[in-house]
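model_31.txt, holding compact mmCIF, C-alpha atoms:
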```txt
# COMPACT_ATOMS: atom_id res chain seq x y z
CA MET A 1 39.15 -0.60 0.89
CA PRO A 2 40.51 2.13 3.17
CA ASP A 3 42.20 0.75 6.28
CA HIS A 4 40.42 3.07 8.73
CA VAL A 5 37.04 1.35 8.43
CA ILE A 6 36.12 0.19 11.92
CA HIS A 7 32.60 -1.18 11.42
CA HIS A 8 31.15 -3.43 8.74
CA TYR A 9 27.46 -4.18 8.23
CA PRO A 10 26.07 -6.35 5.44
CA PHE A 11 22.98 -4.11 5.79
CA LEU A 12 23.28 -0.47 6.80
CA VAL A 13 20.27 1.82 7.26
CA VAL A 14 20.64 5.60 7.39
CA GLY A 15 17.70 7.07 9.29
CA GLY A 16 16.00 6.11 12.53
CA GLY A 17 12.29 6.48 11.89
CA MET A 18 9.35 4.31 10.92
CA THR A 19 10.78 3.47 7.50
CA ALA A 20 14.08 2.35 9.00
CA ASP A 21 12.30 0.07 11.47
CA ALA A 22 10.09 -1.40 8.75
CA ALA A 23 13.18 -2.04 6.61
CA ILE A 24 14.99 -3.84 9.42
CA LYS A 25 11.95 -6.05 9.93
CA GLY A 26 11.79 -6.64 6.18
CA ILE A 27 15.43 -7.70 6.10
CA ARG A 28 14.84 -10.08 8.98
CA GLN A 29 11.97 -11.76 7.13
CA VAL A 30 14.51 -12.84 4.51
CA ASN A 31 17.85 -12.87 6.32
CA THR A 32 17.71 -13.84 9.98
CA SER A 33 21.34 -13.53 10.99
CA ASP A 34 23.54 -11.01 9.13
CA ALA A 35 24.37 -7.84 11.06
CA ILE A 36 22.31 -4.71 10.52
CA GLY A 37 23.38 -1.20 11.49
CA MET A 38 20.98 1.72 11.82
CA ILE A 39 22.29 5.28 12.12
CA GLY A 40 19.69 7.68 13.54
CA SER A 41 19.92 11.35 14.45
CA GLU A 42 17.49 11.16 17.38
CA ALA A 43 18.38 9.77 20.79
CA TYR A 44 15.53 7.25 20.65
CA PRO A 45 14.95 3.93 18.89
CA PRO A 46 12.31 4.03 16.14
CA TYR A 47 8.82 5.12 17.21
CA ASN A 48 5.49 5.80 15.56
CA ARG A 49 5.02 9.48 14.70
CA PRO A 50 1.21 9.71 14.17
CA PRO A 51 0.39 9.34 17.90
CA LEU A 52 2.38 12.53 18.59
CA SER A 53 -0.48 14.57 17.12
CA LYS A 54 -3.29 12.06 17.63
CA ALA A 55 -3.53 9.24 20.19
CA LEU A 56 -1.20 10.63 22.88
CA TRP A 57 -3.53 13.60 23.27
CA LYS A 58 -6.49 11.26 23.71
CA GLY A 59 -4.97 9.38 26.62
CA ASP A 60 -2.79 6.69 25.06
CA PRO A 61 0.38 6.04 27.12
CA LEU A 62 3.69 7.15 25.67
CA GLU A 63 4.99 3.58 25.86
CA LYS A 64 2.70 2.61 22.97
CA ILE A 65 4.69 4.61 20.42
CA TRP A 66 7.74 2.32 20.44
CA ARG A 67 7.95 0.03 17.43
CA GLY A 68 9.91 -2.83 18.95
CA THR A 69 12.79 -2.80 16.50
CA PRO A 70 14.55 -6.21 16.40
CA SER A 71 17.67 -6.34 18.56
CA GLU A 72 19.34 -9.61 17.54
CA SER A 73 22.46 -8.67 15.54
CA VAL A 74 21.05 -5.15 15.11
CA SER A 75 23.10 -2.11 16.19
CA LEU A 76 21.16 1.10 16.80
CA LEU A 77 23.67 3.92 16.41
CA LEU A 78 21.74 6.85 17.85
CA SER A 79 22.30 10.61 18.18
CA ARG A 80 24.52 10.73 15.13
CA THR A 81 24.17 11.91 11.57
CA VAL A 82 25.79 10.60 8.41
CA SER A 83 28.06 13.20 6.88
CA SER A 84 29.11 11.46 3.66
CA ILE A 85 28.67 8.37 1.50
CA ASP A 86 31.33 6.94 -0.81
CA PRO A 87 29.40 4.60 -3.13
CA LYS A 88 32.49 3.43 -5.02
CA ASN A 89 34.15 2.06 -1.87
CA LYS A 90 30.83 1.46 -0.07
CA ILE A 91 31.85 3.64 2.87
CA VAL A 92 29.72 5.82 5.16
CA ARG A 93 31.06 8.40 7.61
CA ASP A 94 29.16 10.04 10.45
CA ASP A 95 29.49 13.25 12.45
CA ALA A 96 31.07 11.39 15.38
CA GLY A 97 34.04 10.44 13.25
CA GLU A 98 32.97 6.82 12.87
CA THR A 99 33.38 5.03 9.55
CA TYR A 100 31.33 2.11 8.27
CA SER A 101 31.42 -0.22 5.30
CA TYR A 102 28.32 -1.89 3.96
CA GLY A 103 27.01 -4.51 1.60
CA LYS A 104 23.62 -2.90 0.97
CA LEU A 105 22.67 0.61 2.07
CA LEU A 106 19.23 2.12 2.63
CA LEU A 107 18.63 5.86 2.75
CA ALA A 108 15.59 6.42 4.97
CA THR A 109 16.56 9.98 5.81
CA GLY A 110 13.02 11.36 5.84
CA GLY A 111 12.52 15.09 5.74
CA ARG A 112 13.27 18.22 7.70
CA VAL A 113 10.72 20.79 8.75
CA ARG A 114 10.25 23.97 6.80
CA ARG A 115 11.22 26.88 9.02
CA LEU A 116 9.83 30.36 9.38
CA PRO A 117 12.01 33.36 8.49
CA TYR A 118 12.13 34.60 12.08
CA ASN A 119 14.88 34.17 14.66
CA ALA A 120 12.67 33.84 17.73
CA ASP A 121 14.10 31.05 19.89
CA GLY A 122 11.90 28.21 20.98
CA ILE A 123 9.41 27.92 18.12
CA ILE A 124 8.25 24.29 18.09
CA TYR A 125 8.48 22.86 14.58
CA PHE A 126 6.30 19.90 15.37
CA ARG A 127 7.70 16.58 14.14
CA THR A 128 9.64 14.62 16.77
CA LEU A 129 9.12 13.09 20.20
CA ASP A 130 11.11 15.91 21.76
CA ASP A 131 8.78 18.40 20.04
CA TYR A 132 5.79 16.57 21.51
CA ARG A 133 7.30 16.66 24.99
CA ARG A 134 7.97 20.39 24.78
CA LEU A 135 4.46 21.08 23.53
CA ARG A 136 2.90 18.82 26.14
CA GLU A 137 4.70 20.70 28.89
CA LEU A 138 3.29 24.01 27.63
CA ALA A 139 -0.19 22.55 27.24
CA ASP A 140 -0.14 21.04 30.73
CA ARG A 141 0.68 24.50 32.08
CA HIS A 142 -2.35 25.85 30.16
CA GLN A 143 -0.21 28.24 28.17
CA THR A 144 -1.95 30.10 25.37
CA LEU A 145 -0.54 28.73 22.11
CA VAL A 146 -0.44 29.89 18.51
CA VAL A 147 -0.40 27.27 15.76
CA ILE A 148 1.06 28.41 12.44
CA GLY A 149 -0.41 26.53 9.49
CA GLY A 150 -3.82 25.23 8.52
CA GLY A 151 -2.74 22.07 6.75
CA PHE A 152 -2.30 18.46 7.86
CA ILE A 153 -0.12 18.97 10.94
CA GLY A 154 -1.46 22.38 11.94
CA SER A 155 -5.07 21.20 11.98
CA GLU A 156 -4.23 18.04 13.94
CA VAL A 157 -2.14 19.86 16.55
CA ALA A 158 -4.72 22.61 17.03
CA ALA A 159 -7.47 20.02 17.55
CA ALA A 160 -5.34 18.01 19.98
CA LEU A 161 -4.53 21.10 22.04
CA ALA A 162 -8.13 22.30 22.17
CA LEU A 163 -9.30 18.84 23.22
CA ASN A 164 -6.98 19.17 26.20
CA GLY A 165 -8.36 22.56 27.21
CA THR A 166 -5.45 24.62 25.87
CA PRO A 167 -6.31 28.10 24.54
CA VAL A 168 -5.18 27.98 20.90
CA THR A 169 -5.19 30.25 17.88
CA MET A 170 -4.59 29.07 14.32
CA VAL A 171 -2.98 31.44 11.82
CA PHE A 172 -2.68 30.62 8.12
CA PRO A 173 -2.78 32.49 4.79
CA GLU A 174 -5.41 30.37 3.02
CA ASN A 175 -9.18 30.94 3.10
CA GLY A 176 -9.86 27.89 5.22
CA ILE A 177 -8.44 24.92 7.07
CA GLY A 178 -7.04 22.42 4.58
CA ALA A 179 -7.88 24.73 1.67
CA ARG A 180 -5.26 23.12 -0.58
CA VAL A 181 -6.89 19.72 -0.14
CA TYR A 182 -10.62 20.13 0.62
CA PRO A 183 -13.32 21.73 -1.53
CA PRO A 184 -14.11 25.32 -0.48
CA ALA A 185 -17.38 24.55 1.33
CA LEU A 186 -15.78 21.83 3.47
CA SER A 187 -12.81 24.05 4.23
CA GLN A 188 -15.11 26.87 5.34
CA PHE A 189 -17.16 24.44 7.42
CA LEU A 190 -13.97 23.42 9.23
CA ASN A 191 -13.23 27.04 10.09
CA GLU A 192 -16.56 27.30 11.89
CA PHE A 193 -16.32 23.80 13.32
CA TYR A 194 -12.96 24.60 14.94
CA ARG A 195 -14.34 27.88 16.27
CA SER A 196 -17.22 25.96 17.84
CA LYS A 197 -14.59 23.85 19.65
CA GLY A 198 -12.96 26.94 21.12
CA VAL A 199 -10.17 27.51 18.57
CA GLN A 200 -9.59 31.06 17.38
CA VAL A 201 -9.21 30.70 13.60
CA LEU A 202 -7.44 33.52 11.77
CA ALA A 203 -7.75 32.58 8.10
CA ASN A 204 -6.42 34.83 5.31
CA ASN A 205 -3.70 35.96 7.69
CA SER A 206 -0.05 35.96 6.68
CA LEU A 207 2.62 36.25 9.34
CA THR A 208 4.64 39.42 9.49
CA GLY A 209 6.73 38.64 12.56
CA ILE A 210 7.38 36.54 15.65
CA GLU A 211 9.23 38.15 18.54
CA ARG A 212 10.36 36.56 21.79
CA ARG A 213 9.52 38.73 24.79
CA GLY A 214 10.89 37.00 27.85
CA ALA A 215 8.66 34.01 28.55
CA THR A 216 6.12 34.95 25.87
CA TYR A 217 5.92 35.48 22.13
CA ALA A 218 4.38 38.29 20.14
CA VAL A 219 3.00 37.02 16.83
CA THR A 220 1.98 39.69 14.31
CA THR A 221 0.03 39.19 11.09
CA ALA A 222 -0.76 41.15 7.96
CA GLY A 223 -4.26 41.56 9.38
CA ARG A 224 -2.68 43.74 12.09
CA ASN A 225 -3.35 41.21 14.78
CA GLU A 226 -0.84 40.94 17.60
CA LEU A 227 -1.14 37.69 19.48
CA ILE A 228 0.62 37.19 22.80
CA ALA A 229 1.26 33.52 23.53
CA GLY A 230 3.21 31.23 25.80
CA GLY A 231 4.37 29.18 22.82
CA VAL A 232 4.33 28.97 19.04
CA VAL A 233 3.91 25.74 17.08
CA ALA A 234 4.65 25.61 13.36
CA GLY A 235 3.34 22.90 11.09
CA ILE A 236 4.20 24.12 7.61
CA GLY A 237 5.44 20.97 5.93
CA ILE A 238 8.76 19.26 5.33
CA GLN A 239 11.45 19.09 2.68
CA PRO A 240 13.07 15.75 1.77
CA ASN A 241 16.55 15.13 3.15
CA GLN A 242 17.99 14.32 -0.26
CA GLU A 243 21.28 16.21 -0.04
CA LEU A 244 23.23 13.21 1.26
CA GLY A 245 22.16 11.14 -1.73
CA GLN A 246 22.75 14.01 -4.11
CA ALA A 247 26.30 14.50 -2.82
CA ALA A 248 26.89 10.78 -3.38
CA GLY A 249 25.98 11.18 -7.04
CA LEU A 250 22.48 9.70 -6.87
CA ASP A 251 19.68 11.09 -9.03
CA VAL A 252 17.35 13.39 -7.10
CA GLY A 253 14.27 15.46 -7.90
CA ASN A 254 11.82 16.23 -5.09
CA GLY A 255 13.36 13.27 -3.32
CA ILE A 256 15.88 10.54 -4.12
CA VAL A 257 14.85 8.81 -7.33
CA VAL A 258 14.23 5.06 -7.06
CA ASP A 259 13.14 2.36 -9.50
CA GLU A 260 10.27 -0.05 -8.94
CA PHE A 261 12.48 -2.18 -6.67
CA LEU A 262 13.40 0.93 -4.63
CA ARG A 263 16.99 0.98 -5.87
CA THR A 264 18.61 4.33 -6.48
CA THR A 265 20.87 4.94 -9.45
CA HIS A 266 23.54 2.98 -7.56
CA PRO A 267 22.53 -0.71 -7.44
CA ASP A 268 23.62 -1.30 -3.83
CA ILE A 269 21.89 1.80 -2.45
CA TYR A 270 18.14 1.88 -1.83
CA ALA A 271 15.85 4.67 -0.64
CA ALA A 272 12.42 4.55 0.99
CA GLY A 273 9.92 6.60 2.96
CA ASP A 274 9.48 10.37 2.95
CA VAL A 275 12.70 10.90 1.00
CA ALA A 276 12.00 8.54 -1.91
CA SER A 277 10.59 9.62 -5.27
CA PHE A 278 8.92 6.62 -6.89
CA GLN A 279 6.81 5.90 -9.94
CA SER A 280 3.19 5.31 -8.98
CA SER A 281 1.68 2.77 -11.35
CA ALA A 282 -1.82 3.76 -10.23
CA LEU A 283 -1.35 7.49 -10.84
CA GLY A 284 1.02 7.17 -13.79
CA LYS A 285 3.50 9.67 -12.38
CA ARG A 286 6.41 9.97 -10.00
CA ILE A 287 5.35 10.89 -6.46
CA ARG A 288 6.74 11.25 -2.96
CA VAL A 289 4.55 10.37 0.05
CA GLU A 290 5.03 11.55 3.65
CA HIS A 291 2.65 9.25 5.51
CA GLU A 292 2.74 6.23 7.79
CA ASP A 293 1.37 3.63 5.38
CA ASN A 294 4.04 4.48 2.82
CA ALA A 295 6.78 4.33 5.48
CA ASN A 296 5.65 0.90 6.63
CA VAL A 297 5.04 -0.81 3.31
CA MET A 298 7.85 0.84 1.39
CA GLY A 299 10.33 0.29 4.20
CA GLU A 300 9.46 -3.40 4.47
CA THR A 301 9.69 -3.82 0.68
CA ALA A 302 13.08 -2.12 0.57
CA GLY A 303 14.35 -4.33 3.38
CA LYS A 304 13.24 -7.52 1.65
CA ASN A 305 14.81 -6.39 -1.62
CA MET A 306 18.08 -5.49 0.09
CA ALA A 307 18.14 -9.03 1.48
CA GLY A 308 17.76 -10.60 -1.95
CA GLU A 309 14.12 -10.53 -3.01
CA THR A 310 12.81 -8.63 -6.04
CA ASN A 311 9.47 -7.14 -5.02
CA PRO A 312 8.19 -4.24 -7.14
CA TYR A 313 6.68 -1.42 -5.10
CA ARG A 314 3.27 -0.76 -6.61
CA HIS A 315 1.44 0.15 -3.43
CA LEU A 316 -0.72 3.28 -3.42
CA PRO A 317 -0.44 4.51 0.17
CA PHE A 318 -3.37 5.79 2.19
CA PHE A 319 -3.31 8.40 4.94
CA TYR A 320 -5.64 9.48 7.69
CA SER A 321 -6.32 12.24 10.17
CA ASP A 322 -8.29 13.00 13.33
CA LEU A 323 -9.95 16.41 13.72
CA PHE A 324 -11.86 16.44 17.00
CA ASP A 325 -14.71 13.95 16.47
CA LEU A 326 -14.26 14.01 12.71
CA GLY A 327 -11.81 11.82 10.87
CA TYR A 328 -10.96 10.50 7.46
CA GLU A 329 -8.94 8.09 5.39
CA ALA A 330 -7.72 9.10 1.96
CA VAL A 331 -5.96 7.60 -1.05
CA GLY A 332 -4.21 9.16 -4.03
CA GLU A 333 -3.97 12.82 -4.98
CA LEU A 334 -6.09 15.15 -2.90
CA ASP A 335 -5.69 18.46 -4.67
CA ALA A 336 -8.33 21.16 -4.40
CA ARG A 337 -7.49 22.21 -7.97
CA HIS A 338 -8.99 18.95 -9.30
CA GLN A 339 -12.67 18.61 -10.04
CA ILE A 340 -14.14 17.42 -6.73
CA VAL A 341 -17.37 15.46 -6.73
CA GLU A 342 -18.98 15.49 -3.27
CA ASP A 343 -21.25 12.61 -2.30
CA TRP A 344 -22.50 13.36 1.20
CA LYS A 345 -24.61 11.07 3.34
CA ASP A 346 -24.59 13.78 6.03
CA GLU A 347 -23.12 17.02 4.69
CA PHE A 348 -19.64 17.72 6.09
CA HIS A 349 -20.02 14.87 8.60
CA GLU A 350 -20.09 11.67 6.52
CA GLY A 351 -19.47 11.07 2.85
CA VAL A 352 -17.13 10.31 -0.02
CA LEU A 353 -15.32 12.92 -2.13
CA TYR A 354 -13.89 12.00 -5.54
CA TYR A 355 -11.04 13.98 -7.10
CA LEU A 356 -11.24 13.86 -10.91
CA SER A 357 -8.80 14.92 -13.61
CA ASP A 358 -8.82 14.05 -17.32
CA GLY A 359 -11.61 11.54 -16.85
CA ARG A 360 -9.79 9.57 -14.14
CA VAL A 361 -10.28 9.36 -10.40
CA ARG A 362 -7.03 10.68 -8.98
CA GLY A 363 -7.92 10.62 -5.30
CA VAL A 364 -10.65 9.64 -2.84
CA LEU A 365 -11.41 11.26 0.51
CA LEU A 366 -13.39 9.00 2.84
CA TRP A 367 -14.80 11.52 5.31
CA ASN A 368 -15.96 9.74 8.47
CA THR A 369 -16.38 6.74 6.17
CA TRP A 370 -14.44 3.61 7.01
CA GLY A 371 -13.40 0.32 5.48
CA GLN A 372 -13.29 1.57 1.88
CA VAL A 373 -9.57 2.15 1.31
CA ASP A 374 -9.04 -0.90 -0.92
CA ALA A 375 -12.16 -0.07 -2.92
CA ALA A 376 -10.85 3.48 -3.37
CA ARG A 377 -7.52 2.13 -4.63
CA ALA A 378 -9.35 -0.08 -7.14
CA LEU A 379 -11.39 2.89 -8.36
CA ILE A 380 -8.26 4.99 -8.90
CA ALA A 381 -6.79 2.13 -10.94
CA GLU A 382 -9.80 2.10 -13.30
CA HIS A 383 -9.39 3.96 -16.60
CA GLY A 384 -12.90 5.41 -16.70
CA PRO A 385 -13.78 7.78 -18.17
CA PHE A 386 -15.42 9.18 -15.07
CA THR A 387 -17.69 12.19 -14.79
CA ALA A 388 -19.46 13.93 -11.94
CA GLN A 389 -22.56 11.96 -12.87
CA ASN A 390 -21.21 8.42 -13.10
CA VAL A 391 -18.73 8.50 -10.22
CA LYS A 392 -21.28 9.29 -7.50
CA GLY A 393 -22.26 6.23 -5.56
CA ARG A 394 -19.28 4.16 -6.67
CA LEU A 395 -18.29 3.85 -3.02
CA PRO A 396 -20.86 3.69 -0.21
CA ALA A 397 -21.08 6.95 1.68
```
What does this structure look like when you write it as structure tokens?
Amino acid sequence: MPDHVIHHYPFLVVGGGMTADAAIKGIRQVNTSDAIGMIGSEAYPPYNRPPLSKALWKGDPLEKIWRGTPSESVSLLLSRTVSSIDPKNKIVRDDAGETYSYGKLLLATGGRVRRLPYNADGIIYFRTLDDYRRLRELADRHQTLVVIGGGFIGSEVAAALALNGTPVTMVFPENGIGARVYPPALSQFLNEFYRSKGVQVLANNSLTGIERRGATYAVTTAGRNELIAGGVVAGIGIQPNQELGQAAGLDVGNGIVVDEFLRTTHPDIYAAGDVASFQSSALGKRIRVEHEDNANVMGETAGKNMAGETNPYRHLPFFYSDLFDLGYEAVGELDARHQIVEDWKDEFHEGVLYYLSDGRVRGVLLWNTWGQVDAARALIAEHGPFTAQNVKGRLPA
């Protein structure tokens, strides 16, 4: 082992988010004493991300986001980024020049935001606590804001801003809000629903430029709109931070490839959370999931396995969203290209949507319908065959 190693951790976690925290707690359920190191790029200990676009805008105090990461024999190494991994010698180096050895290593590196091809300073790529604080400052000053993107983050942020009385415009290239996920009629309903809440919705509008003009921004679109705003928020998705694993010789492919025990192609290196590509037994394919439930359950499972257990990860994560006074929980693949069977109790306000492909239920959207996540998982696990006729009513709307 090289003689310049100055830190050793039986368990080392790369990443400082929800998955990292869940993994540390998982380790501690099995091993209560060995030292754990966590290297995180943010200046904060692990916190919950969903409240940044949900509960904090509805009055929850900021203090509620902290996850309470264990402190006994746990070193939180913050504001630093890992620059390289040497799997052969089990060595990690960071951008501060520190070097660590490890027994077991977890890559919980998450993802990085997709960025727009414009050089205007100050665009908020909404993902972190610092992003929330910057956006909150603009909102509290009642600045007019433009939200780029009509997907998961864009729709949540626009709703949160409008609920707080902020003038907001949404710009996105699709026909409707959530058009890649929802059936066309629901997507079009959301356009009008957001407009009724005071949001200017510019669907079918591609960006052509963003220019900083002193304290304001000029946003131009292919529809020849020029929007002048005090701030621009972009929610256009993330890409997995897999390069570190790839450089270490691990298999990657839309994420770092893991087996059912969340081990990478190196037996002492695990991966979990947004960055991990895992085989879904329910869907029969390899997937990568960027939501809280996956971070929590996968992180905990990885931690337990690092500490000596052998728990296969067969969980099918759920996700959820708040859109003004509408909300949903969902499981599986929500893809608008699937056959979607709509079973409404109150059209666009309460119901269950089934996503079918090849005679199987691939996903379930529980729209303002609660307490059915486990039943939805069980339905996805069934072999069918399912049709538009026999799937309706399988879950109570």
Per-residue nearest contacts of region 33-115 of chain A to region 227-249 of chain A (12 Å; all atoms listed in the file) as JSON lines:
```
{"residue": "A:Ser53", "atom": "CA", "partner": "A:Gly235", "partner_atom": "CA", "distance": 11.0}
{"residue": "A:Thr81", "atom": "CA", "partner": "A:Leu244", "partner_atom": "CA", "distance": 10.4}
{"residue": "A:Val82", "atom": "CA", "partner": "A:Leu244", "partner_atom": "CA", "distance": 8.0}
{"residue": "A:Ser83", "atom": "CA", "partner": "A:Leu244", "partner_atom": "CA", "distance": 7.4}
{"residue": "A:Ser84", "atom": "CA", "partner": "A:Leu244", "partner_atom": "CA", "distance": 6.6}
{"residue": "A:Ile85", "atom": "CA", "partner": "A:Ala248", "partner_atom": "CA", "distance": 5.7}
{"residue": "A:Asp86", "atom": "CA", "partner": "A:Ala248", "partner_atom": "CA", "distance": 6.4}
{"residue": "A:Pro87", "atom": "CA", "partner": "A:Ala248", "partner_atom": "CA", "distance": 6.7}
{"residue": "A:Lys88", "atom": "CA", "partner": "A:Ala248", "partner_atom": "CA", "distance": 9.4}
{"residue": "A:Asn89", "atom": "CA", "partner": "A:Ala248", "partner_atom": "CA", "distance": 11.4}
{"residue": "A:Lys90", "atom": "CA", "partner": "A:Ala248", "partner_atom": "CA", "distance": 10.6}
{"residue": "A:Ile91", "atom": "CA", "partner": "A:Ala248", "partner_atom": "CA", "distance": 10.7}
{"residue": "A:Val92", "atom": "CA", "partner": "A:Ala248", "partner_atom": "CA", "distance": 10.3}
{"residue": "A:Arg93", "atom": "CA", "partner": "A:Leu244", "partner_atom": "CA", "distance": 11.2}
{"residue": "A:Asp94", "atom": "CA", "partner": "A:Leu244", "partner_atom": "CA", "distance": 11.4}
{"residue": "A:Leu105", "atom": "CA", "partner": "A:Gly245", "partner_atom": "CA", "distance": 11.2}
{"residue": "A:Leu106", "atom": "CA", "partner": "A:Gly245", "partner_atom": "CA", "distance": 10.4}
{"residue": "A:Leu107", "atom": "CA", "partner": "A:Gly245", "partner_atom": "CA", "distance": 7.8}
{"residue": "A:Ala108", "atom": "CA", "partner": "A:Asn241", "partner_atom": "CA", "distance": 8.9}
{"residue": "A:Thr109", "atom": "CA", "partner": "A:Asn241", "partner_atom": "CA", "distance": 5.8}
{"residue": "A:Gly110", "atom": "CA", "partner": "A:Asn241", "partner_atom": "CA", "distance": 5.8}
{"residue": "A:Gly111", "atom": "CA", "partner": "A:Pro240", "partner_atom": "CA", "distance": 4.1}
{"residue": "A:Arg112", "atom": "CA", "partner": "A:Ile238", "partner_atom": "CA", "distance": 5.2}
{"residue": "A:Val113", "atom": "CA", "partner": "A:Ile238", "partner_atom": "CA", "distance": 4.2}
{"residue": "A:Arg114", "atom": "CA", "partner": "A:Ile238", "partner_atom": "CA", "distance": 5.2}
{"residue": "A:Arg115", "atom": "CA", "partner": "A:Ile236", "partner_atom": "CA", "distance": 7.7}
```
Can you tell me how far CA of Ile256 (chain A) sits from CA of Ile148 (chain A), in Å to one decimal?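 Between CA of Ile256 (chain A) and CA of Ile148 (chain A) the gap is 28.5 Å.
Between CA of Lys64 (chain A) and CA of Val146 (chain A) the interatomic distance comes to 27.8 Å.
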Pick out the residues sitting within 6 Å of region 362-373 of chain A, and hand them over as a PyMOL selection string; count all atoms listed in the file, and ignore anything fewer than 3 positions along from it in its own chain. chain A and resi 327-334+350-356+376+380
List as a PDB file with C-alpha atoms, in the frame of the given file: which residues have an atom within 12 Å of (16.7, 12.9, -9.9), counting all atoms listed in the file?
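What ended up in result.pdb:
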```pdb
ATOM      1  CA  GLN A 242      17.990  14.320  -0.260  1.00  0.00           C
ATOM      2  CA  GLU A 243      21.280  16.210  -0.040  1.00  0.00           C
ATOM      3  CA  GLY A 245      22.160  11.140  -1.730  1.00  0.00           C
ATOM      4  CA  GLN A 246      22.750  14.010  -4.110  1.00  0.00           C
ATOM      5  CA  GLY A 249      25.980  11.180  -7.040  1.00  0.00           C
ATOM      6  CA  LEU A 250      22.480   9.700  -6.870  1.00  0.00           C
ATOM      7  CA  ASP A 251      19.680  11.090  -9.030  1.00  0.00           C
ATOM      8  CA  VAL A 252      17.350  13.390  -7.100  1.00  0.00           C
ATOM      9  CA  GLY A 253      14.270  15.460  -7.900  1.00  0.00           C
ATOM     10  CA  ASN A 254      11.820  16.230  -5.090  1.00  0.00           C
ATOM     11  CA  GLY A 255      13.360  13.270  -3.320  1.00  0.00           C
ATOM     12  CA  ILE A 256      15.880  10.540  -4.120  1.00  0.00           C
ATOM     13  CA  VAL A 257      14.850   8.810  -7.330  1.00  0.00           C
ATOM     14  CA  VAL A 258      14.230   5.060  -7.060  1.00  0.00           C
ATOM     15  CA  ASP A 259      13.140   2.360  -9.500  1.00  0.00           C
ATOM     16  CA  THR A 264      18.610   4.330  -6.480  1.00  0.00           C
ATOM     17  CA  THR A 265      20.870   4.940  -9.450  1.00  0.00           C
ATOM     18  CA  VAL A 275      12.700  10.900   1.000  1.00  0.00           C
ATOM     19  CA  ALA A 276      12.000   8.540  -1.910  1.00  0.00           C
ATOM     20  CA  SER A 277      10.590   9.620  -5.270  1.00  0.00           C
ATOM     21  CA  PHE A 278       8.920   6.620  -6.890  1.00  0.00           C
ATOM     22  CA  ARG A 286       6.410   9.970 -10.000  1.00  0.00           C
TER      23      ARG A 286
END
```
Rounded to one decimal, what separation in Å do you get between CA of Pro10 (chain A) and CA of Asp274 (chain A)?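 One can read the CA of Pro10 (chain A) to CA of Asp274 (chain A) distance as 23.7 Å.
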Residue neighbourhood Arg195 (chain A), 12 Å, all atoms listed in the file, exclusion window fewer than 5 positions, as JSON, numbers by chain: {"A": [158, 159, 162, 167, 168, 169, 170, 176, 177, 188, 189, 190, 200, 201, 202, 203, 324]}
Keeping only C-alpha atoms, write the selected residues to a file as a short mmCIF file (atom, residue, chain, number, x, y, z; two decimals), in the frame of the given file.
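Okay, this is what ended up in part23.cif:
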```cif
data_model
loop_
_atom_site.label_atom_id
_atom_site.label_comp_id
_atom_site.auth_asym_id
_atom_site.auth_seq_id
_atom_site.Cartn_x
_atom_site.Cartn_y
_atom_site.Cartn_z
CA ALA A 158 -4.72 22.61 17.03
CA ALA A 159 -7.47 20.02 17.55
CA ALA A 162 -8.13 22.30 22.17
CA PRO A 167 -6.31 28.10 24.54
CA VAL A 168 -5.18 27.98 20.90
CA THR A 169 -5.19 30.25 17.88
CA MET A 170 -4.59 29.07 14.32
CA GLY A 176 -9.86 27.89 5.22
CA ILE A 177 -8.44 24.92 7.07
CA GLN A 188 -15.11 26.87 5.34
CA PHE A 189 -17.16 24.44 7.42
CA LEU A 190 -13.97 23.42 9.23
CA GLN A 200 -9.59 31.06 17.38
CA VAL A 201 -9.21 30.70 13.60
CA LEU A 202 -7.44 33.52 11.77
CA ALA A 203 -7.75 32.58 8.10
CA PHE A 324 -11.86 16.44 17.00
#
```
Using all atoms listed in the file, determine which residues lie at most 8 Å from Arg180 (chain A), disregarding the query and same-chain residues fewer than 6 positions distant; provide the list as number ranges by chain. A: 151, 335-337
Proximity to Tyr194 (chain A) - best of A:Leu316, A:Leu323, A:Thr19, A:Ser33, all atoms listed in the file: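 Going through A:Leu316, A:Leu323, A:Thr19, A:Ser33 one by one, the smallest distance to Tyr194 (chain A) is for A:Leu323.
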Here is a test: counting all atoms listed in the file, which residue of A:Met18, A:Lys197, A:Gln29, A:Leu129 is nearest to Leu52 (chain A)?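 Under the stated criterion, the closest residue is A:Leu129.
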Neighbour list for Leu186 (chain A) as an mmCIF file with C-alpha atoms, in the frame of the given file, cut-off 10 Å, all atoms listed in the file, skip fewer than 3 positions in-chain:
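Wrote it out as out_22.cif, contents follow:
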```cif
data_model
loop_
_atom_site.group_PDB
_atom_site.id
_atom_site.type_symbol
_atom_site.label_atom_id
_atom_site.label_comp_id
_atom_site.auth_asym_id
_atom_site.auth_seq_id
_atom_site.Cartn_x
_atom_site.Cartn_y
_atom_site.Cartn_z
ATOM 1 C CA GLY A 176 -9.860 27.890 5.220
ATOM 2 C CA ILE A 177 -8.440 24.920 7.070
ATOM 3 C CA GLY A 178 -7.040 22.420 4.580
ATOM 4 C CA ALA A 179 -7.880 24.730 1.670
ATOM 5 C CA VAL A 181 -6.890 19.720 -0.140
ATOM 6 C CA TYR A 182 -10.620 20.130 0.620
ATOM 7 C CA PRO A 183 -13.320 21.730 -1.530
ATOM 8 C CA PHE A 189 -17.160 24.440 7.420
ATOM 9 C CA LEU A 190 -13.970 23.420 9.230
ATOM 10 C CA ASN A 191 -13.230 27.040 10.090
ATOM 11 C CA GLU A 342 -18.980 15.490 -3.270
ATOM 12 C CA GLU A 347 -23.120 17.020 4.690
ATOM 13 C CA PHE A 348 -19.640 17.720 6.090
ATOM 14 C CA HIS A 349 -20.020 14.870 8.600
#
```
